[in-house]
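The structure under discussion appears below in the form of structure tokens.
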Amino acid sequence: MTRDLPSSSKYDRQERLALWDQHIIEKSTILIAGVGGTGSELAKNLALLGIGSLILVDDDTVEFSNLNRQMLFREEDVGQKKAKIAKKRIKEQFNPDIMIKEYADKLQNIPQKIFQEVDIIAGCVDNFLARQYLNAMAIELKIPLIDSATDGYFGQIQYIKTSKTACLACETPPPPDETRVLTAPCTLVGVPRVREHCAWKALYEFNAKYEREPVETSPEDIVELTKLANTCAKKHNFGDFKKKELLQLILFHVPSLITVNAVTSGIQSQEIVKALFLEKKEFLKETVTLNNLIEAHRFRIPHFTVYSALTGTLNTFDLVPDPNCLVCGQSNTVKHVERTITVDRELLFKSVIDIIRQEYKKEYIGFRGNFLLPEDESVQKIISDGDRITLSSIADDEEIRLEIKFRD
Ligand SMILES: [Zn+2]
């Protein structure tokens, strides 16, 4: 089969590779959640590979302490939004030909229809809640997620694909000790099995209560967080947390190395390219040469990859999905029902919620990764066309996933 010439001979050297299809790359859209240490490296790699379109999401601002590793940023950028600067620098320095949209906002505030437009989600976030949110979104929308995390000398990459791999909330046996698991355990619902789960629950509760992340430098926030964690620890007969221990556990600012970021994001970028190729099934059918056929059999994405800069080792594992997982479980008793509701564009958030309550009579309303508390409903929030609301009840095992559509 002959292929059209690529849009530019700039990609000539990579196109000489067996199994490479530059057209697939040029037609793809990747959402990068977080353009910090790993995310800025990843954005640079994907831009140089000639990806069609990038969506950058990050609500952080550039800090002076980012400049030892986040090469998209300079001293003059300190205090500015990372997403905005990242877009500008990628265009200027790495590839003026690609489309880039930037969102200097929290991940949870990005309308869901933006996620629906993408081929792969790349997770490069530095916190547990954002990572769990990405995971749930990827599973729900059936978009592959390739997530990464780094901590000092260690980096990890995890591939998540609905009903094919374990997700971040699955109960899976941890990899061998040397490799350390960076993905925080997920037992946000149910009984905490180990003391650390109380720390994560506390963070989740804090976020649900105040609708923001706790601030590391705020003594009030840390006192509140410790109180929440210790209430849980006491209830389940675990020992109390000291403030410092809790801070270390929740890892506000983990040690970071450019070398580890570069290795991790390099692997992550490559897995993204492979996932794009594998998603386009017709592409593999076109691999007619013997060499390509042999290579095609070797084309696979490990579910979990861990890099240790201490020992220079790279380990990969496959993780079996947990059938009872609350996010992706197939034998999970919760039945998911898809519905849409059409509302007037001008309606206030509260009015929309009132209509939904009237219609569905479910007591739990989930919006952008959190359950709404009664006092939240009166808060003026912005609701966008294509947003999703989840409705559930303790009375039954049915979860309604309601898509909001604006009336024209
Ligand atoms: Zn799962």
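Quick note on naming: the chains in the structure tokens go A, B, ... in the order shown, residues restart at 1 in each chain, and ligands are numbered from 1 in order of appearance.
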
Within-6 Å residues of ligand 1, basis only C-alpha atoms and all ligand atoms, as a count of residues only: 11

Set out as a tab-separated table a contact list for segment 112-145 of chain A and segment 53-68 of chain A with a cut-off of 9 Å, giving each residue of segment 112-145 of chain A that qualifies its closest atom pair and distance in Å to one decimal, counting only C-alpha atoms, ordered by chain and rising residue number.
```
residue	atom	partner	partner_atom	distance
A:Ile114	CA	A:Ile55	CA	8.8
A:Val118	CA	A:Ile55	CA	8.5
A:Val125	CA	A:Asp58	CA	8.6
```

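Proximity to Ala86 of chain A was assessed for A:Leu42, A:Ile121, A:Leu134, A:Val263 counting only C-alpha atoms; the smallest distance is recorded for A:Leu42.
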
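Counting only C-alpha atoms and comparing A:Tyr364, A:Phe371, A:Tyr159, A:Phe73, the residue that lies closest to Ile267 of chain A is A:Tyr159.
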
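These are the residues of segment 125-277 of chain A assigned strand (DSSP E or B) by DSSP from backbone coordinates: Leu145, Ile146, Asp147, Ser148, Ala149, Thr150, Asp151, Phe154, Gly155, Gln156, Ile157, Gln158, Tyr159 and Ile160 of chain A.
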
Atom CA of Leu391 of chain A to atom CA of Glu359 of chain A, straight-line distance in Å: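 So the two atoms, atom CA of Glu359 of chain A and atom CA of Leu391 of chain A, lie 11.0 Å apart.
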